[in-house]
$ cat start_18.cif   # mmCIF, C-alpha atoms
data_my_file
loop_
_atom_site.label_atom_id
_atom_site.label_comp_id
_atom_site.auth_asym_id
_atom_site.auth_seq_id
_atom_site.Cartn_x
_atom_site.Cartn_y
_atom_site.Cartn_z
CA MET X 1 79.78 92.20 148.63
CA ASP X 2 82.19 94.35 150.62
CA ALA X 3 85.25 96.05 149.13
CA LEU X 4 87.65 93.22 149.95
CA GLU X 5 85.45 90.61 148.26
CA ILE X 6 85.11 92.86 145.21
CA LEU X 7 88.89 93.30 144.95
CA ARG X 8 89.57 89.59 145.42
CA GLU X 9 87.13 88.60 142.69
CA ALA X 10 88.49 91.26 140.33
CA SER X 11 92.02 89.96 140.97
CA ARG X 12 90.94 86.39 140.31
CA ARG X 13 89.43 87.44 136.98
CA ILE X 14 92.63 89.25 135.99
CA TYR X 15 94.60 86.06 136.55
CA GLU X 16 92.19 83.98 134.50
CA ASN X 17 92.24 86.47 131.62
CA VAL X 18 96.00 87.05 131.38
CA LYS X 19 97.58 83.80 132.53
CA ASP X 20 98.32 82.65 128.96
CA LEU X 21 99.73 86.00 127.76
CA PRO X 22 103.11 86.48 129.53
CA GLY X 23 106.12 85.95 127.28
CA THR X 24 104.04 85.87 124.09
CA ASP X 25 103.69 88.41 121.29
CA LEU X 26 100.12 89.04 122.50
CA ALA X 27 101.42 90.49 125.76
CA ALA X 28 103.20 93.39 124.09
CA GLY X 29 102.08 96.11 121.68
CA ASP X 30 102.34 99.86 122.18
CA PHE X 31 99.10 101.59 123.14
CA GLY X 32 100.66 104.95 124.01
CA ARG X 33 101.41 106.26 127.46
CA GLY X 34 98.88 105.55 130.18
CA ALA X 35 97.81 107.95 132.91
CA GLY X 36 100.75 106.84 135.06
CA GLY X 37 103.25 107.82 132.36
CA ASP X 38 104.46 104.40 131.22
CA ILE X 39 103.78 102.80 127.85
CA SER X 40 100.62 100.68 127.98
CA ARG X 41 101.03 97.11 126.75
CA ASN X 42 98.29 94.76 125.63
CA ILE X 43 98.49 92.72 128.82
CA ASP X 44 97.93 95.95 130.81
CA ILE X 45 94.89 96.83 128.71
CA VAL X 46 93.36 93.36 129.04
CA ALA X 47 93.85 93.38 132.81
CA GLU X 48 92.38 96.86 133.34
CA LYS X 49 89.41 96.11 131.08
CA THR X 50 88.75 93.01 133.16
CA VAL X 51 88.55 95.04 136.36
CA LEU X 52 86.43 97.85 134.92
CA GLU X 53 83.93 95.43 133.40
CA TYR X 54 83.66 93.49 136.64
CA LEU X 55 83.15 96.60 138.78
CA GLU X 56 80.34 97.69 136.48
CA GLU X 57 78.84 94.19 136.51
CA ALA X 58 78.94 94.13 140.32
CA GLY X 59 77.46 97.62 140.56
CA PHE X 60 80.29 98.74 142.82
CA GLU X 61 79.90 102.50 143.17
CA CYS X 62 83.39 103.95 143.07
CA VAL X 63 85.92 106.07 141.26
CA VAL X 64 88.72 104.05 139.65
CA LEU X 65 92.24 105.47 139.64
CA GLY X 66 94.01 103.25 137.11
CA GLU X 67 97.63 103.07 136.03
CA GLU X 68 96.64 103.08 132.35
CA CYS X 69 93.04 104.29 132.13
CA GLY X 70 93.34 107.21 134.53
CA ARG X 71 90.32 108.37 136.50
CA VAL X 72 87.09 106.53 135.66
CA GLU X 73 83.93 107.50 137.54
CA LEU X 74 81.58 104.54 137.86
CA SER X 75 79.05 106.35 140.05
CA ASP X 76 77.67 109.81 140.78
CA ASN X 77 77.70 108.85 144.46
CA PRO X 78 80.91 106.81 144.95
CA SER X 79 81.72 105.06 148.22
CA GLY X 80 85.44 105.56 147.63
CA TYR X 81 88.32 104.92 145.25
CA VAL X 82 89.62 101.73 143.65
CA ILE X 83 93.36 102.28 143.15
CA MET X 84 94.47 99.94 140.40
CA ASP X 85 97.72 98.74 138.93
CA ALA X 86 96.25 95.80 137.08
CA ILE X 87 99.71 94.61 136.00
CA ASP X 88 102.61 95.64 138.21
CA GLY X 89 105.85 94.47 136.63
CA SER X 90 104.71 94.87 133.02
CA ALA X 91 108.26 94.52 131.68
CA ASN X 92 108.59 91.15 133.40
CA ALA X 93 105.17 90.06 132.16
CA VAL X 94 105.89 91.00 128.55
CA ARG X 95 109.25 89.20 128.58
CA GLY X 96 107.89 86.19 130.48
CA VAL X 97 109.98 86.76 133.60
CA PRO X 98 107.90 85.09 136.36
CA PHE X 99 107.57 88.02 138.74
CA PHE X 100 104.57 90.30 138.24
CA CYS X 101 101.24 90.85 139.92
CA SER X 102 97.98 92.75 140.09
CA SER X 103 97.55 95.38 142.79
CA LEU X 104 94.09 96.61 143.79
CA ALA X 105 93.23 98.78 146.77
CA PHE X 106 90.13 100.54 148.08
CA ALA X 107 90.34 103.90 149.83
CA ARG X 108 87.51 105.72 151.62
CA GLY X 109 89.24 109.09 151.34
CA GLU X 110 91.77 110.87 149.18
CA ARG X 111 94.97 109.86 150.97
CA LEU X 112 97.09 106.73 151.10
CA SER X 113 96.32 106.41 154.81
CA SER X 114 92.61 106.04 153.99
CA VAL X 115 93.11 102.69 152.22
CA THR X 116 90.90 100.11 153.96
CA ALA X 117 91.34 97.03 151.74
CA GLY X 118 94.08 95.73 149.49
CA VAL X 119 94.71 92.66 147.34
CA ILE X 120 97.90 91.67 145.53
CA THR X 121 97.78 88.58 143.32
CA ASP X 122 100.90 86.88 142.02
CA LEU X 123 99.90 86.45 138.39
CA THR X 124 102.44 83.71 137.73
CA GLY X 125 100.40 81.28 139.81
CA GLY X 126 97.30 83.03 141.12
CA GLN X 127 98.31 83.15 144.80
CA SER X 128 96.90 86.15 146.66
CA TYR X 129 97.79 88.42 149.54
CA TRP X 130 95.15 90.62 151.12
CA ALA X 131 94.46 92.87 154.09
CA THR X 132 91.80 95.07 155.63
CA SER X 133 92.42 97.99 157.93
CA GLY X 134 92.63 96.62 161.46
CA GLY X 135 92.00 93.07 160.25
CA GLY X 136 95.53 91.80 159.64
CA ALA X 137 97.31 90.60 156.51
CA PHE X 138 96.92 87.20 154.84
CA TYR X 139 98.53 85.02 152.20
CA GLU X 140 96.32 82.29 150.75
CA GLY X 141 94.10 82.50 153.83
CA LYS X 142 96.89 82.27 156.41
CA LYS X 143 97.80 85.24 158.56
CA ILE X 144 101.25 86.65 157.85
CA GLY X 145 103.68 89.02 159.53
CA VAL X 146 106.98 90.70 158.86
CA ARG X 147 110.13 88.96 160.06
CA HIS X 148 111.58 90.10 163.38
CA GLY X 149 115.07 89.29 164.62
CA ASP X 150 118.25 88.77 162.64
CA PRO X 151 117.83 86.36 159.72
CA ILE X 152 120.61 84.07 158.53
CA TYR X 153 120.67 86.08 155.30
CA LYS X 154 119.28 89.58 155.42
CA ILE X 155 117.54 90.34 152.13
CA VAL X 156 117.26 94.02 151.24
CA SER X 157 115.24 95.06 148.22
CA VAL X 158 116.67 98.22 146.63
CA ASN X 159 114.98 99.70 143.59
CA THR X 160 117.64 101.45 141.50
CA SER X 161 115.87 101.49 138.13
CA GLY X 162 116.70 104.79 136.47
CA ALA X 163 118.73 105.93 139.50
CA SER X 164 121.30 108.69 139.20
CA ARG X 165 125.00 108.20 139.96
CA GLU X 166 124.54 110.39 143.04
CA LEU X 167 121.80 108.13 144.39
CA LEU X 168 123.84 105.00 143.73
CA GLU X 169 126.71 106.51 145.69
CA ARG X 170 124.37 107.23 148.61
CA LEU X 171 123.21 103.62 148.52
CA GLN X 172 126.72 102.14 148.32
CA PRO X 173 126.86 101.16 152.05
CA VAL X 174 123.66 99.17 151.60
CA PHE X 175 125.10 97.26 148.64
CA GLU X 176 128.36 96.57 150.45
CA ASN X 177 126.85 95.16 153.63
CA ASN X 178 123.69 93.27 152.59
CA HIS X 179 122.25 90.75 150.17
CA THR X 180 120.46 93.18 147.84
CA ARG X 181 117.75 92.36 145.34
CA HIS X 182 115.14 94.01 143.15
CA PHE X 183 112.73 91.74 141.32
CA GLY X 184 110.84 94.25 139.17
CA ALA X 185 107.36 94.53 140.72
CA ASN X 186 107.12 96.83 143.72
CA ALA X 187 103.72 95.63 144.90
CA LEU X 188 104.74 91.98 144.94
CA GLU X 189 107.97 92.82 146.78
CA MET X 190 105.94 94.66 149.43
CA ALA X 191 103.77 91.56 149.79
CA MET X 192 106.87 89.39 150.16
CA PHE X 193 108.13 91.81 152.82
CA ALA X 194 104.80 91.43 154.65
CA ARG X 195 105.28 87.67 154.51
CA GLY X 196 108.76 87.88 156.04
CA LEU X 197 110.67 86.88 152.90
CA VAL X 198 112.32 90.29 152.46
CA ASP X 199 113.66 92.20 155.46
CA VAL X 200 113.98 95.79 154.25
CA LEU X 201 112.60 97.69 151.27
CA ILE X 202 114.31 100.81 149.94
CA ASP X 203 113.02 102.99 147.12
CA ILE X 204 114.25 106.57 147.43
CA ARG X 205 114.21 107.49 143.73
CA GLY X 206 111.15 109.75 144.11
CA LYS X 207 109.40 107.86 141.29
CA ILE X 208 106.87 105.53 142.94
CA ARG X 209 103.21 106.16 142.07
CA ILE X 210 100.24 105.58 144.34
CA GLN X 211 98.99 102.78 142.08
CA ASP X 212 102.27 100.93 142.62
CA ILE X 213 102.05 100.74 146.39
CA ALA X 214 98.50 101.38 147.66
CA ALA X 215 97.64 97.71 148.26
CA GLY X 216 101.17 96.84 149.39
CA TYR X 217 101.15 99.75 151.84
CA LEU X 218 98.13 98.34 153.68
CA ILE X 219 99.27 94.70 153.52
CA ALA X 220 102.73 95.56 154.84
CA ARG X 221 101.33 97.79 157.58
CA GLU X 222 98.79 95.18 158.69
CA ALA X 223 101.61 92.62 158.77
CA GLY X 224 103.38 94.77 161.36
CA GLY X 225 105.77 96.60 159.04
CA LEU X 226 107.15 100.08 159.58
CA LEU X 227 106.73 102.26 156.48
CA LEU X 228 108.38 105.67 156.34
CA ASP X 229 108.93 108.39 153.74
CA GLU X 230 112.31 109.84 152.73
CA HIS X 231 112.21 112.12 155.78
CA MET X 232 111.72 109.12 158.11
CA ARG X 233 108.13 110.13 158.84
CA PRO X 234 105.12 107.78 158.63
CA LEU X 235 104.40 107.15 154.96
CA ASP X 236 101.36 108.99 153.59
CA SER X 237 100.41 111.07 150.57
CA ASP X 238 97.49 112.22 148.48
CA LEU X 239 96.15 110.05 145.65
CA SER X 240 97.08 112.46 142.86
CA TYR X 241 98.53 111.20 139.56
CA GLU X 242 101.27 113.80 139.92
CA THR X 243 102.41 112.45 143.28
CA ARG X 244 105.68 110.51 143.35
CA ILE X 245 106.86 108.78 146.52
CA SER X 246 110.07 107.60 148.13
CA PHE X 247 109.81 105.11 150.97
CA VAL X 248 111.63 102.64 153.16
CA ALA X 249 110.14 99.72 155.07
CA ALA X 250 111.39 97.37 157.75
CA ALA X 251 110.05 95.19 160.54
CA ASN X 252 111.12 97.82 163.08
CA ARG X 253 113.25 100.93 163.48
CA ALA X 254 116.25 99.03 164.84
CA MET X 255 116.41 96.85 161.71
CA LEU X 256 116.06 99.95 159.53
CA ASP X 257 118.78 101.89 161.36
CA LYS X 258 121.21 98.99 161.04
CA THR X 259 120.56 98.66 157.32
CA VAL X 260 120.32 102.25 156.11
CA PRO X 261 122.24 104.38 158.64
CA LYS X 262 123.70 106.85 156.13
CA ILE X 263 121.14 107.41 153.38
#

$ encode --input "start_18.cif" --output "C-alpha cells"
Amino acid sequence: MDALEILREASRRIYENVKDLPGTDLAAGDFGRGAGGDISRNIDIVAEKTVLEYLEEAGFECVVLGEECGRVELSDNPSGYVIMDAIDGSANAVRGVPFFCSSLAFARGERLSSVTAGVITDLTGGQSYWATSGGGAFYEGKKIGVRHGDPIYKIVSVNTSGASRELLERLQPVFENNHTRHFGANALEMAMFARGLVDVLIDIRGKIRIQDIAAGYLIAREAGGLLLDEHMRPLDSDLSYETRISFVAAANRAMLDKTVPKI
C-alpha cells in the first residue's frame, strides 16, 4: 500500500478504537507530558498505540513523529516520516465536546513542505478528509476547494487560547468586523477551511506544533488555499519538536488583506 492508503487505514482504526471513549472517565487520566508538551490523556495513548501497532503490522518503513510518543523509528531504512497527532482536540474529546479529530501526514523530507500525503478524520463520526501532493483534496471521496468570493457570513477562525493581552489588542479589528470562531481542534478547522466552511484561519500565537498542522497544511494547500507565516511568506518549517509556528490562511490574498489588514 502507498502512504495515503496506510494513513487512511490507520485513521479508520483510530476511530474504531476510540469512538466509545469521548466524554467518559476512560478518556481522561494523566500520563505525564508527551513529547509535544501537553498532558497525555488515555484517549491520546489509545489512539497513538493504534497507529504504531498498525504501522508495524503493515511493515511500513518510517520514522514516526508523534504528539505523545515522540520520535519512534520503525525502520533502519525509512522511506520518510509519519507526523502524527492521533487526537487533535484532546480537551474536547475528554469532555465529550463533539469537535476533535486524528491528523496523520507523511513527509518524504524533513520540512513541512515535503509532506506528500495527509489524512484528517473527524472522530465524532468517522468522516475523512485527505490529500496527496499534486492530487487535490477530498472529503468522503468528493473533491473539495476553498471558498472564493464574498460569503453571506464570513467565518474567521481565530485561535486565542493562552493569548496575551497584547495579542488580543492586535486582533481586535478582526473581532469587531467578522464572525469569529475557534472550535478547539486546529487540524479539523484547517480541513473545514479546505472544504469552504471557514473563510480565514488566524493563529499568530507562536504555539502551533508541526503535528497539529502537517496534514491540514497539505489538505488546505491542495484545496487551493493560501497559507502564510507571520511574516506573510509561504508557510514552511522544519519538523523539529522545538518548532512553534504562527500562520494565517485564506482562499486568496485579497480575502486575507480585507480580513487582517492591521495585524

$ resolve_selection --input "start_18.cif" --expression "the PyMOL selection byres ((chain X and resi 111) around 12)" --output "number ranges by chain"
X: 80-81, 83, 105-110, 112-116, 210, 214, 217, 235-240, 243

$ write_last_selection --input "start_18.cif" --atoms "C-alpha atoms" --output "short mmCIF file (atom, residue, chain, number, x, y, z; two decimals), keeping the file's coordinate frame"
data_model
loop_
_atom_site.label_atom_id
_atom_site.label_comp_id
_atom_site.auth_asym_id
_atom_site.auth_seq_id
_atom_site.Cartn_x
_atom_site.Cartn_y
_atom_site.Cartn_z
CA GLY X 80 85.44 105.56 147.63
CA TYR X 81 88.32 104.92 145.25
CA ILE X 83 93.36 102.28 143.15
CA ALA X 105 93.23 98.78 146.77
CA PHE X 106 90.13 100.54 148.08
CA ALA X 107 90.34 103.90 149.83
CA ARG X 108 87.51 105.72 151.62
CA GLY X 109 89.24 109.09 151.34
CA GLU X 110 91.77 110.87 149.18
CA LEU X 112 97.09 106.73 151.10
CA SER X 113 96.32 106.41 154.81
CA SER X 114 92.61 106.04 153.99
CA VAL X 115 93.11 102.69 152.22
CA THR X 116 90.90 100.11 153.96
CA ILE X 210 100.24 105.58 144.34
CA ALA X 214 98.50 101.38 147.66
CA TYR X 217 101.15 99.75 151.84
CA LEU X 235 104.40 107.15 154.96
CA ASP X 236 101.36 108.99 153.59
CA SER X 237 100.41 111.07 150.57
CA ASP X 238 97.49 112.22 148.48
CA LEU X 239 96.15 110.05 145.65
CA SER X 240 97.08 112.46 142.86
CA THR X 243 102.41 112.45 143.28
#

$ closest_residue --input "start_18.cif" --among "X:Ser79, X:Asn42, X:Thr160, X:Ser103" --to "Ser11 of chain X" --atoms "only C-alpha atoms"
X:Ser103

$ resolve_selection --input "start_18.cif" --expression "the PyMOL selection byres ((chain X and resi 13) around 12)" --output "NGL selection string"
:X and (6-12 or 14-19 or 46-55 or 86 or 102 or 121 or 123 or 126)

$ atom_distance --input "start_18.cif" --atom1 "atom CA of Ile152 of chain X" --atom2 "atom CA of Phe183 of chain X"
20.4 Å

$ residues_around --input "start_18.cif" --residues "Gly118 of chain X" --least-positions-apart "3" --cutoff "6 Å" --atoms "only C-alpha atoms" --output "JSON, numbers by chain"
{"X": [104, 105, 130, 131, 215]}

$ atom_distance --input "start_18.cif" --atom1 "atom CA of Ala250 of chain X" --atom2 "atom CA of Met84 of chain X"
24.4 Å

$ resolve_selection --input "start_18.cif" --expression "the PyMOL selection byres ((chain X and resi 178) around 10)" --output "NGL selection string"
:X and (153-157 or 173-177 or 179-181 or 259)

$ closest_residue --input "start_18.cif" --among "X:Ile45, X:Leu227, X:Val63, X:Ile213" --to "Pro78 of chain X" --atoms "only C-alpha atoms"
X:Val63
